[in-house]
Amino acid sequence: MDSEINAWIDDQEDAIIDFLRQYITYRSPTEQEQEVQREFVESFFADQMDWDSIDIVDVSEEQNRPNINGRLSGTGDGAGRTLLFNGHSDIVDVSEEAAENWAKDPWDPIVEDGYLYGRGANDMKGPNTAMIWAAKAVMEADTELSGDLLMSIVVGEELNQQEYGSIAATDAFLEEGIEIPICINTEPTNLEIHTKSAATFDFTIEIQGKEAHTSQKNLTRYPQRYGIPVGQDVGVDAAMIMADILYELRDLEHQWNLRYRDQIYGGGGYQTPDTQGVGPIGINCTIMEAGDYIAAIPGHARIEGHVFYPPFVDDRELWDEMQDVVETLAATNDWLKEHPPQMSWKNVFDWPPYEVPVDHPGCKALGTAIETTLGEQPVYSGFKAVTDNSYIQNECGVDTISMGPGDISMGAHGPDEHIPTEQLMNATKVYAAMILEWCR
């Protein structure tokens with residue numbers, strides 16, 4: 001039966017790729033998911049698949065944020081267990097300015113040299129396509145399952161709006177009394193099994209300086225004869241102070257990467273190497289601004305950023321160390337002693353990690369599906385970014401792991417996003433094998 005399903009998937013390769021191409025043509029940035037969800041995903045679930053039930057889960061006030069839930073009910077008279085697949089339809093939009101960096105049209109997907117290009121190909125309409133067609137393959141084979149097969153195509157992931165997406169969709173199943181021992185979120189992992197993820201929090205640092213005409217820069221930086229104003233009496237370059245802070249944060253990040261070590265997260269993969277490289281932590285200063293006028297010494301500076309950190313590290317300890325670094329610098333600066341930097345965190349997001357043991361039955365079953373389907377030893381690693389897994393596990397109580405085609409390095413959130421078509425097909429076969437391994 002497994003070989004027949006794989007043969008069917010191979011025969012459907014053109015249809016699967018055409019499905020993904022059509023999926024991508026729906027421009028669906030976060031908060032604008034209704035069209036793709038109702039017109040494309042729901043209609044395919046209803047017209048082209050044999051779900052026993054399809055439910056629209058929408059908890060938004062405007063009723064324009066629909067999650068699509070499908071359920072294929074098992075017979076309940078065998079060893080099969082319930083399996084939930086989860087993936088999001090919302091994508092990071094491509095502005096006119098960002099589109100200039102694309103060699104391809106982000107909304108007119110093409111296949112070239114074994115890769116399918118388009119916004120969402122990797123993150124994560126390609127992975128969604130694989131899990132949808134895996135379920136369809138099992139349905140077409142008329143395979144009897146004793147455990148339930150569940151699927152949620154959700155909204156809101158890219159802007160940390162899980163209350164509208166994965167939390168609401170998963171709770172809808174749980175409220176029906178369905179016990180869910182494992183969820184597979186199909187974020188792009190290069191077909192590695194990710195049992196842990198990073199967590200992240202954002203931060204802001206602001207420096208107040210003192211504007212002065214740029215021709216007075218020498219007075220702010222160098223000693224002058226007595227009687228001539230000097231230093232902070234003339235002006236204070238907030239940008240230069242912020243540059244010192246950036247260097248201190250860089251050194252702190254280096255210390256963290258030497259300090260925190262783990263076999264799975266940031267360890268380079270287990271039992272064989274992963275594709276992400278080592279290094280578990282990062283301080284990302286992503287938005288920087290200073291000054292208001294080209295001919296004035298910057299009178300203020302501000303950085304915003306976020307920290308990715310491992311699941312086994314306390315975020316409060318990290319934040320305390322970041323504050324210590326800035327306060328130590330301030331203690332040696334005459335201006336900052338009187339005008340201390342202003343720091344804040346968790347203004348935008350506070351995204352927790354997830355963590356599932358490698359020996360979890362769901363991990364073992366997925367590893368078996370990879371071995372039997374691809375003839376390869378599974379790679380266990382940690383997701384360097386953040387995913388809905390954290391909320392499905394921490395808020396809904398469902399253990400969740402990730403495994404999907406593509407890789408964050410393949411243009412996710414950037415230009416020329418793409419997915420290898422071979423991985424797309426392989427993931428479809430692995431998901432189908434996992435359904436049979438777990439639910440039959």
# chains A, B, ... in the order shown; residues from 1 in each chain; ligands from 1
$ closest_atom_pairs --of "stretch 169-217 of chain A" --to "stretch 377-398 of chain A" --cutoff "12 Å" --atoms "only C-alpha atoms" --output "JSON lines"
{"residue": "A:Ala169", "atom": "CA", "partner": "A:Ile392", "partner_atom": "CA", "distance": 9.4}
{"residue": "A:Thr170", "atom": "CA", "partner": "A:Ile392", "partner_atom": "CA", "distance": 6.9}
{"residue": "A:Asp171", "atom": "CA", "partner": "A:Cys396", "partner_atom": "CA", "distance": 6.5}
{"residue": "A:Ala172", "atom": "CA", "partner": "A:Cys396", "partner_atom": "CA", "distance": 10.3}
{"residue": "A:Phe173", "atom": "CA", "partner": "A:Cys396", "partner_atom": "CA", "distance": 10.3}
{"residue": "A:Leu174", "atom": "CA", "partner": "A:Cys396", "partner_atom": "CA", "distance": 8.2}
{"residue": "A:Glu175", "atom": "CA", "partner": "A:Cys396", "partner_atom": "CA", "distance": 10.6}
{"residue": "A:Ile178", "atom": "CA", "partner": "A:Val398", "partner_atom": "CA", "distance": 11.1}
{"residue": "A:Glu179", "atom": "CA", "partner": "A:Val398", "partner_atom": "CA", "distance": 8.8}
{"residue": "A:Ile180", "atom": "CA", "partner": "A:Val398", "partner_atom": "CA", "distance": 6.3}
{"residue": "A:Pro181", "atom": "CA", "partner": "A:Val398", "partner_atom": "CA", "distance": 6.4}
{"residue": "A:Ile182", "atom": "CA", "partner": "A:Val398", "partner_atom": "CA", "distance": 6.3}
{"residue": "A:Cys183", "atom": "CA", "partner": "A:Val398", "partner_atom": "CA", "distance": 6.8}
{"residue": "A:Ile184", "atom": "CA", "partner": "A:Asn389", "partner_atom": "CA", "distance": 8.5}
{"residue": "A:Asn185", "atom": "CA", "partner": "A:Asn389", "partner_atom": "CA", "distance": 6.7}
{"residue": "A:Thr186", "atom": "CA", "partner": "A:Thr387", "partner_atom": "CA", "distance": 9.8}
{"residue": "A:Glu187", "atom": "CA", "partner": "A:Thr387", "partner_atom": "CA", "distance": 7.6}
{"residue": "A:Pro188", "atom": "CA", "partner": "A:Phe383", "partner_atom": "CA", "distance": 9.2}
{"residue": "A:Thr189", "atom": "CA", "partner": "A:Phe383", "partner_atom": "CA", "distance": 7.3}
{"residue": "A:Asn190", "atom": "CA", "partner": "A:Val379", "partner_atom": "CA", "distance": 9.7}
{"residue": "A:Leu191", "atom": "CA", "partner": "A:Val379", "partner_atom": "CA", "distance": 8.1}
{"residue": "A:Glu192", "atom": "CA", "partner": "A:Val379", "partner_atom": "CA", "distance": 5.1}
{"residue": "A:Ile193", "atom": "CA", "partner": "A:Tyr380", "partner_atom": "CA", "distance": 4.9}
{"residue": "A:His194", "atom": "CA", "partner": "A:Gly382", "partner_atom": "CA", "distance": 4.7}
{"residue": "A:Thr195", "atom": "CA", "partner": "A:Gly382", "partner_atom": "CA", "distance": 5.8}
{"residue": "A:Lys196", "atom": "CA", "partner": "A:Gly382", "partner_atom": "CA", "distance": 4.7}
{"residue": "A:Ser197", "atom": "CA", "partner": "A:Phe383", "partner_atom": "CA", "distance": 4.4}
{"residue": "A:Ala198", "atom": "CA", "partner": "A:Lys384", "partner_atom": "CA", "distance": 5.4}
{"residue": "A:Ala199", "atom": "CA", "partner": "A:Val386", "partner_atom": "CA", "distance": 6.1}
{"residue": "A:Thr200", "atom": "CA", "partner": "A:Val386", "partner_atom": "CA", "distance": 7.4}
{"residue": "A:Phe201", "atom": "CA", "partner": "A:Val386", "partner_atom": "CA", "distance": 10.6}
$ write_last_selection --atoms "N, CA, C and O atoms" --output "compact mmCIF listing (two decimals), in the first residue's frame"
# COMPACT_ATOMS: atom_id res chain seq x y z
N ALA A 169 -7.57 27.41 16.32
CA ALA A 169 -7.82 26.22 15.49
C ALA A 169 -7.62 24.94 16.29
O ALA A 169 -8.42 24.00 16.19
N THR A 170 -6.55 24.89 17.09
CA THR A 170 -6.28 23.68 17.88
C THR A 170 -7.32 23.51 18.98
O THR A 170 -7.81 22.40 19.22
N ASP A 171 -7.68 24.60 19.64
CA ASP A 171 -8.70 24.53 20.69
C ASP A 171 -10.03 24.01 20.14
O ASP A 171 -10.78 23.31 20.83
N ALA A 172 -10.34 24.35 18.89
CA ALA A 172 -11.60 23.88 18.29
C ALA A 172 -11.64 22.35 18.24
O ALA A 172 -12.69 21.75 18.49
N PHE A 173 -10.52 21.72 17.93
CA PHE A 173 -10.46 20.25 17.96
C PHE A 173 -10.57 19.73 19.39
O PHE A 173 -11.30 18.78 19.67
N LEU A 174 -9.81 20.36 20.30
CA LEU A 174 -9.79 19.89 21.68
C LEU A 174 -11.17 20.02 22.33
O LEU A 174 -11.57 19.17 23.14
N GLU A 175 -11.90 21.07 21.97
CA GLU A 175 -13.24 21.27 22.54
C GLU A 175 -14.23 20.22 22.07
O GLU A 175 -15.29 20.04 22.69
N ILE A 178 -11.36 15.67 21.35
CA ILE A 178 -10.34 14.90 20.65
C ILE A 178 -9.02 15.01 21.42
O ILE A 178 -8.57 16.11 21.73
N GLU A 179 -8.42 13.87 21.72
CA GLU A 179 -7.10 13.87 22.33
C GLU A 179 -6.05 13.84 21.23
O GLU A 179 -6.13 13.01 20.33
N ILE A 180 -5.08 14.74 21.31
CA ILE A 180 -4.07 14.88 20.25
C ILE A 180 -2.70 14.63 20.86
O ILE A 180 -2.14 15.52 21.52
N PRO A 181 -2.11 13.45 20.65
CA PRO A 181 -0.80 13.17 21.26
C PRO A 181 0.37 13.81 20.55
O PRO A 181 1.44 13.96 21.14
N ILE A 182 0.20 14.20 19.26
CA ILE A 182 1.32 14.83 18.55
C ILE A 182 0.78 15.70 17.42
O ILE A 182 -0.22 15.38 16.79
N CYS A 183 1.46 16.83 17.21
CA CYS A 183 1.18 17.71 16.08
C CYS A 183 2.48 17.89 15.30
O CYS A 183 3.55 18.05 15.90
N ILE A 184 2.36 17.83 13.98
CA ILE A 184 3.50 18.14 13.12
C ILE A 184 3.23 19.47 12.45
O ILE A 184 2.30 19.61 11.66
N ASN A 185 4.01 20.46 12.82
CA ASN A 185 3.99 21.75 12.13
C ASN A 185 5.02 21.67 11.01
O ASN A 185 6.16 21.27 11.23
N THR A 186 4.61 22.04 9.80
CA THR A 186 5.45 21.74 8.64
C THR A 186 6.31 22.93 8.18
O THR A 186 6.61 23.06 6.99
N GLU A 187 6.72 23.77 9.11
CA GLU A 187 7.66 24.84 8.77
C GLU A 187 8.88 24.26 8.06
O GLU A 187 9.25 23.11 8.27
N PRO A 188 9.54 25.05 7.20
CA PRO A 188 10.68 24.52 6.45
C PRO A 188 11.87 24.19 7.34
O PRO A 188 12.41 25.06 8.02
N THR A 189 12.27 22.92 7.35
CA THR A 189 13.38 22.46 8.18
C THR A 189 14.42 21.69 7.37
O THR A 189 15.28 21.04 7.95
N ASN A 190 14.33 21.73 6.05
CA ASN A 190 15.22 20.93 5.20
C ASN A 190 15.04 19.44 5.47
O ASN A 190 15.98 18.66 5.38
N LEU A 191 13.80 19.07 5.80
CA LEU A 191 13.40 17.69 6.10
C LEU A 191 14.06 17.15 7.37
O LEU A 191 14.10 15.94 7.58
N GLU A 192 14.59 18.02 8.20
CA GLU A 192 15.09 17.62 9.51
C GLU A 192 13.93 17.64 10.51
O GLU A 192 12.95 18.37 10.34
N ILE A 193 14.03 16.84 11.56
CA ILE A 193 13.03 16.83 12.63
C ILE A 193 13.49 17.80 13.71
O ILE A 193 14.51 17.58 14.35
N HIS A 194 12.75 18.87 13.88
CA HIS A 194 13.12 19.88 14.87
C HIS A 194 12.27 19.70 16.12
O HIS A 194 11.06 19.89 16.10
N THR A 195 12.95 19.32 17.19
CA THR A 195 12.28 19.00 18.45
C THR A 195 12.31 20.16 19.44
O THR A 195 11.71 20.07 20.50
N LYS A 196 13.05 21.20 19.11
CA LYS A 196 13.14 22.38 19.96
C LYS A 196 13.17 23.60 19.06
O LYS A 196 13.49 23.51 17.87
N SER A 197 12.90 24.76 19.64
CA SER A 197 13.03 25.99 18.88
C SER A 197 13.65 27.07 19.74
O SER A 197 13.77 26.93 20.97
N ALA A 198 14.01 28.13 19.08
CA ALA A 198 14.40 29.34 19.79
C ALA A 198 13.16 29.98 20.42
O ALA A 198 12.02 29.64 20.11
N ALA A 199 13.43 30.89 21.32
CA ALA A 199 12.42 31.84 21.79
C ALA A 199 12.94 33.22 21.43
O ALA A 199 14.11 33.38 21.05
N THR A 200 12.10 34.23 21.55
CA THR A 200 12.57 35.57 21.22
C THR A 200 11.81 36.63 21.99
O THR A 200 10.64 36.44 22.34
N PHE A 201 12.50 37.70 22.29
CA PHE A 201 11.86 38.90 22.82
C PHE A 201 12.48 40.11 22.12
O PHE A 201 13.62 40.07 21.68
$ select_by_dssp --residues "stretch 100-181 of chain A" --states "strand (DSSP E)" --output "ChimeraX atom specification"
/A:110-112,115-117,149-154
$ closest_residue --among "A:Glu437, A:Glu31, A:Glu422, A:Asp399" --to "A:Gly126" --atoms "only C-alpha atoms"
A:Glu422
$ atom_distance --atom1 "atom CA of A:Glu327" --atom2 "atom CA of A:Leu252"
13.5 Å
$ closest_residue --among "A:Thr272, A:Lys104, A:Asp202, A:Trp335" --to "A:Thr286" --atoms "only C-alpha atoms"
A:Asp202
$ residues_around --residues "A:Val155" --least-positions-apart "3" --cutoff "9 Å" --atoms "only C-alpha atoms" --output "PyMOL selection string"
chain A and resi 30-34+37+65-67+87-90+158+161-162+164-166
$ write_last_selection --atoms "all heavy atoms" --output "compact mmCIF listing (two decimals), in the first residue's frame"
# COMPACT_ATOMS: atom_id res chain seq x y z
N THR A 30 -0.27 38.77 6.53
CA THR A 30 -1.01 38.65 7.78
C THR A 30 -2.09 39.72 7.88
O THR A 30 -1.85 40.90 7.58
CB THR A 30 -0.06 38.76 8.98
OG1 THR A 30 1.04 37.88 8.77
CG2 THR A 30 -0.75 38.41 10.28
N GLU A 31 -3.28 39.28 8.28
CA GLU A 31 -4.50 40.08 8.42
C GLU A 31 -5.23 40.25 7.09
O GLU A 31 -6.28 40.88 7.04
CB GLU A 31 -4.23 41.44 9.08
CG GLU A 31 -3.64 41.31 10.48
CD GLU A 31 -3.38 42.65 11.14
OE1 GLU A 31 -3.48 43.70 10.45
OE2 GLU A 31 -3.08 42.64 12.35
N GLN A 32 -4.69 39.64 6.03
CA GLN A 32 -5.37 39.65 4.73
C GLN A 32 -5.44 38.22 4.18
O GLN A 32 -5.19 37.98 3.01
CB GLN A 32 -4.65 40.58 3.75
CG GLN A 32 -4.62 42.03 4.19
CD GLN A 32 -3.86 42.91 3.22
OE1 GLN A 32 -3.96 42.76 2.00
NE2 GLN A 32 -3.07 43.84 3.75
N GLU A 33 -5.85 37.29 5.04
CA GLU A 33 -5.82 35.88 4.67
C GLU A 33 -7.17 35.34 4.17
O GLU A 33 -7.25 34.21 3.69
CB GLU A 33 -5.39 35.02 5.87
CG GLU A 33 -4.14 35.49 6.59
CD GLU A 33 -4.43 36.24 7.88
OE1 GLU A 33 -5.58 36.74 8.02
OE2 GLU A 33 -3.55 36.31 8.74
N GLN A 34 -8.23 36.13 4.29
CA GLN A 34 -9.56 35.58 4.05
C GLN A 34 -9.72 34.99 2.65
O GLN A 34 -10.27 33.90 2.47
CB GLN A 34 -10.63 36.66 4.28
CG GLN A 34 -12.06 36.14 4.04
CD GLN A 34 -13.11 37.07 4.58
OE1 GLN A 34 -13.33 37.11 5.79
NE2 GLN A 34 -13.76 37.82 3.71
N GLN A 37 -7.84 31.66 2.17
CA GLN A 37 -8.38 30.62 3.02
C GLN A 37 -9.74 30.12 2.52
O GLN A 37 -9.98 28.91 2.43
CB GLN A 37 -8.51 31.12 4.46
CG GLN A 37 -7.19 31.37 5.16
CD GLN A 37 -6.47 30.09 5.55
OE1 GLN A 37 -5.81 29.45 4.73
NE2 GLN A 37 -6.62 29.68 6.79
N ARG A 65 -10.87 36.35 9.53
CA ARG A 65 -9.59 35.68 9.79
C ARG A 65 -9.86 34.17 9.91
O ARG A 65 -9.64 33.56 10.96
CB ARG A 65 -8.93 36.20 11.07
CG ARG A 65 -8.78 37.71 11.19
CD ARG A 65 -7.73 38.26 10.25
NE ARG A 65 -6.43 37.67 10.39
CZ ARG A 65 -5.55 37.97 11.37
NH1 ARG A 65 -5.87 38.86 12.30
NH2 ARG A 65 -4.35 37.40 11.40
N PRO A 66 -10.29 33.51 8.84
CA PRO A 66 -10.72 32.11 8.96
C PRO A 66 -9.55 31.12 8.97
O PRO A 66 -8.64 31.18 8.15
CB PRO A 66 -11.56 31.91 7.70
CG PRO A 66 -10.98 32.86 6.71
CD PRO A 66 -10.52 34.05 7.49
N ASN A 67 -9.59 30.21 9.94
CA ASN A 67 -8.76 29.02 9.92
C ASN A 67 -9.58 27.88 9.33
O ASN A 67 -10.79 27.80 9.55
CB ASN A 67 -8.33 28.64 11.34
CG ASN A 67 -7.61 29.76 12.06
OD1 ASN A 67 -6.47 30.06 11.77
ND2 ASN A 67 -8.28 30.39 13.02
N GLY A 87 -0.17 24.34 9.64
CA GLY A 87 0.65 25.26 8.86
C GLY A 87 -0.11 26.54 8.60
O GLY A 87 -1.34 26.55 8.62
N HIS A 88 0.61 27.63 8.36
CA HIS A 88 -0.04 28.94 8.19
C HIS A 88 -0.04 29.39 6.74
O HIS A 88 0.92 29.14 5.99
CB HIS A 88 0.60 30.00 9.09
CG HIS A 88 2.04 30.30 8.79
ND1 HIS A 88 2.44 31.21 7.82
CD2 HIS A 88 3.20 29.83 9.32
CE1 HIS A 88 3.75 31.29 7.78
NE2 HIS A 88 4.25 30.45 8.68
N SER A 89 -1.12 30.08 6.35
CA SER A 89 -1.27 30.61 4.99
C SER A 89 -0.80 32.05 4.87
O SER A 89 -0.64 32.54 3.75
CB SER A 89 -2.74 30.54 4.54
OG SER A 89 -3.06 29.29 3.99
N ASP A 90 -0.64 32.74 5.98
CA ASP A 90 -0.20 34.14 5.87
C ASP A 90 1.28 34.18 5.55
O ASP A 90 2.06 33.29 5.92
CB ASP A 90 -0.53 34.93 7.13
CG ASP A 90 0.15 34.39 8.39
OD1 ASP A 90 0.09 33.17 8.60
OD2 ASP A 90 0.73 35.18 9.16
N GLU A 158 2.78 35.12 11.17
CA GLU A 158 3.90 36.00 10.90
C GLU A 158 3.96 37.22 11.82
O GLU A 158 5.01 37.83 11.99
CB GLU A 158 3.91 36.45 9.44
CG GLU A 158 4.16 35.34 8.42
CD GLU A 158 5.57 34.78 8.47
OE1 GLU A 158 6.37 35.25 9.30
OE2 GLU A 158 5.87 33.87 7.69
N GLN A 161 0.19 36.46 16.06
CA GLN A 161 -1.25 36.58 16.35
C GLN A 161 -1.88 35.20 16.50
O GLN A 161 -2.92 34.89 15.91
CB GLN A 161 -1.95 37.38 15.26
CG GLN A 161 -1.45 38.81 15.14
CD GLN A 161 -2.09 39.57 13.99
OE1 GLN A 161 -2.87 39.03 13.20
NE2 GLN A 161 -1.77 40.85 13.88
N GLN A 162 -1.24 34.36 17.31
CA GLN A 162 -1.69 32.97 17.44
C GLN A 162 -3.08 32.84 18.06
O GLN A 162 -3.74 31.83 17.88
CB GLN A 162 -0.69 32.16 18.25
CG GLN A 162 0.55 31.78 17.48
CD GLN A 162 1.51 32.94 17.27
OE1 GLN A 162 1.42 33.98 17.94
NE2 GLN A 162 2.45 32.79 16.35
N TYR A 164 -5.62 34.28 17.10
CA TYR A 164 -6.56 34.20 15.97
C TYR A 164 -6.31 32.95 15.13
O TYR A 164 -7.19 32.56 14.35
CB TYR A 164 -6.42 35.43 15.07
CG TYR A 164 -6.77 36.72 15.75
CD1 TYR A 164 -5.77 37.63 16.11
CD2 TYR A 164 -8.09 37.04 16.05
CE1 TYR A 164 -6.09 38.82 16.74
CE2 TYR A 164 -8.42 38.23 16.68
CZ TYR A 164 -7.40 39.11 17.03
OH TYR A 164 -7.72 40.29 17.65
N GLY A 165 -5.11 32.37 15.24
CA GLY A 165 -4.73 31.28 14.36
C GLY A 165 -4.62 29.94 15.05
O GLY A 165 -5.62 29.30 15.35
N SER A 166 -3.38 29.52 15.33
CA SER A 166 -3.16 28.15 15.79
C SER A 166 -3.81 27.83 17.12
O SER A 166 -4.26 26.70 17.33
CB SER A 166 -1.65 27.87 15.86
OG SER A 166 -1.13 27.64 14.57
$ closest_residue --among "A:Pro298, A:Arg119, A:Asn64, A:His213" --to "A:Ala99" --atoms "only C-alpha atoms"
A:Arg119
$ closest_residue --among "A:Ile205, A:Ala301, A:Ala433, A:Val313" --to "A:Met240" --atoms "only C-alpha atoms"
A:Ala301
$ closest_residue --among "A:Met139, A:Phe40, A:Ser402, A:Asp324" --to "A:Cys363" --atoms "only C-alpha atoms"
A:Ser402
$ select_by_dssp --residues "stretch 119-288 of chain A" --states "helix (DSSP H, G or I)" --output "ChimeraX atom specification"
/A:125-140,157-159,166-174,214-221,231-233,238-259
$ residues_around --residues "A:Tyr293" --least-positions-apart "5" --cutoff "12 Å" --atoms "only C-alpha atoms" --output "NGL selection string"
:A and (211-214 or 298-300)
$ decode --residues "stretch 351-365 of chain A" --atoms "N, CA and C atoms" --output "JSON list (two decimals), in the first residue's frame"
[["chain", "number", "residue", "atom", "x", "y", "z"],
["A", 351, "TRP", "N", 7.89, 35.67, 22.42],
["A", 351, "TRP", "CA", 7.56, 34.40, 21.80],
["A", 351, "TRP", "C", 8.29, 33.28, 22.53],
["A", 352, "PRO", "N", 7.57, 32.37, 23.17],
["A", 352, "PRO", "CA", 8.23, 31.31, 23.93],
["A", 352, "PRO", "C", 8.79, 30.21, 23.02],
["A", 353, "PRO", "N", 9.63, 29.33, 23.56],
["A", 353, "PRO", "CA", 10.14, 28.20, 22.79],
["A", 353, "PRO", "C", 9.19, 27.01, 22.89],
["A", 354, "TYR", "N", 9.52, 25.96, 22.15],
["A", 354, "TYR", "CA", 8.89, 24.67, 22.39],
["A", 354, "TYR", "C", 9.99, 23.64, 22.54],
["A", 355, "GLU", "N", 9.65, 22.51, 23.13],
["A", 355, "GLU", "CA", 10.65, 21.47, 23.34],
["A", 355, "GLU", "C", 9.94, 20.13, 23.53],
["A", 356, "VAL", "N", 10.34, 19.15, 22.73],
["A", 356, "VAL", "CA", 9.80, 17.79, 22.81],
["A", 356, "VAL", "C", 10.99, 16.83, 22.85],
["A", 357, "PRO", "N", 10.96, 15.81, 23.71],
["A", 357, "PRO", "CA", 12.10, 14.88, 23.76],
["A", 357, "PRO", "C", 12.29, 14.14, 22.44],
["A", 358, "VAL", "N", 13.54, 13.85, 22.10],
["A", 358, "VAL", "CA", 13.84, 13.13, 20.87],
["A", 358, "VAL", "C", 13.21, 11.74, 20.89],
["A", 359, "ASP", "N", 13.06, 11.16, 22.08],
["A", 359, "ASP", "CA", 12.49, 9.81, 22.17],
["A", 359, "ASP", "C", 10.97, 9.83, 22.29],
["A", 360, "HIS", "N", 10.34, 10.98, 22.05],
["A", 360, "HIS", "CA", 8.87, 11.04, 22.03],
["A", 360, "HIS", "C", 8.37, 10.08, 20.94],
["A", 361, "PRO", "N", 7.30, 9.34, 21.19],
["A", 361, "PRO", "CA", 6.80, 8.41, 20.17],
["A", 361, "PRO", "C", 6.53, 9.08, 18.81],
["A", 362, "GLY", "N", 6.09, 10.34, 18.84],
["A", 362, "GLY", "CA", 5.86, 11.04, 17.58],
["A", 362, "GLY", "C", 7.15, 11.28, 16.82],
["A", 363, "CYS", "N", 8.24, 11.62, 17.54],
["A", 363, "CYS", "CA", 9.54, 11.80, 16.89],
["A", 363, "CYS", "C", 10.03, 10.49, 16.29],
["A", 364, "LYS", "N", 9.87, 9.41, 17.06],
["A", 364, "LYS", "CA", 10.32, 8.11, 16.57],
["A", 364, "LYS", "C", 9.55, 7.69, 15.32],
["A", 365, "ALA", "N", 8.23, 7.91, 15.33],
["A", 365, "ALA", "CA", 7.42, 7.52, 14.18],
["A", 365, "ALA", "C", 7.79, 8.33, 12.95]]
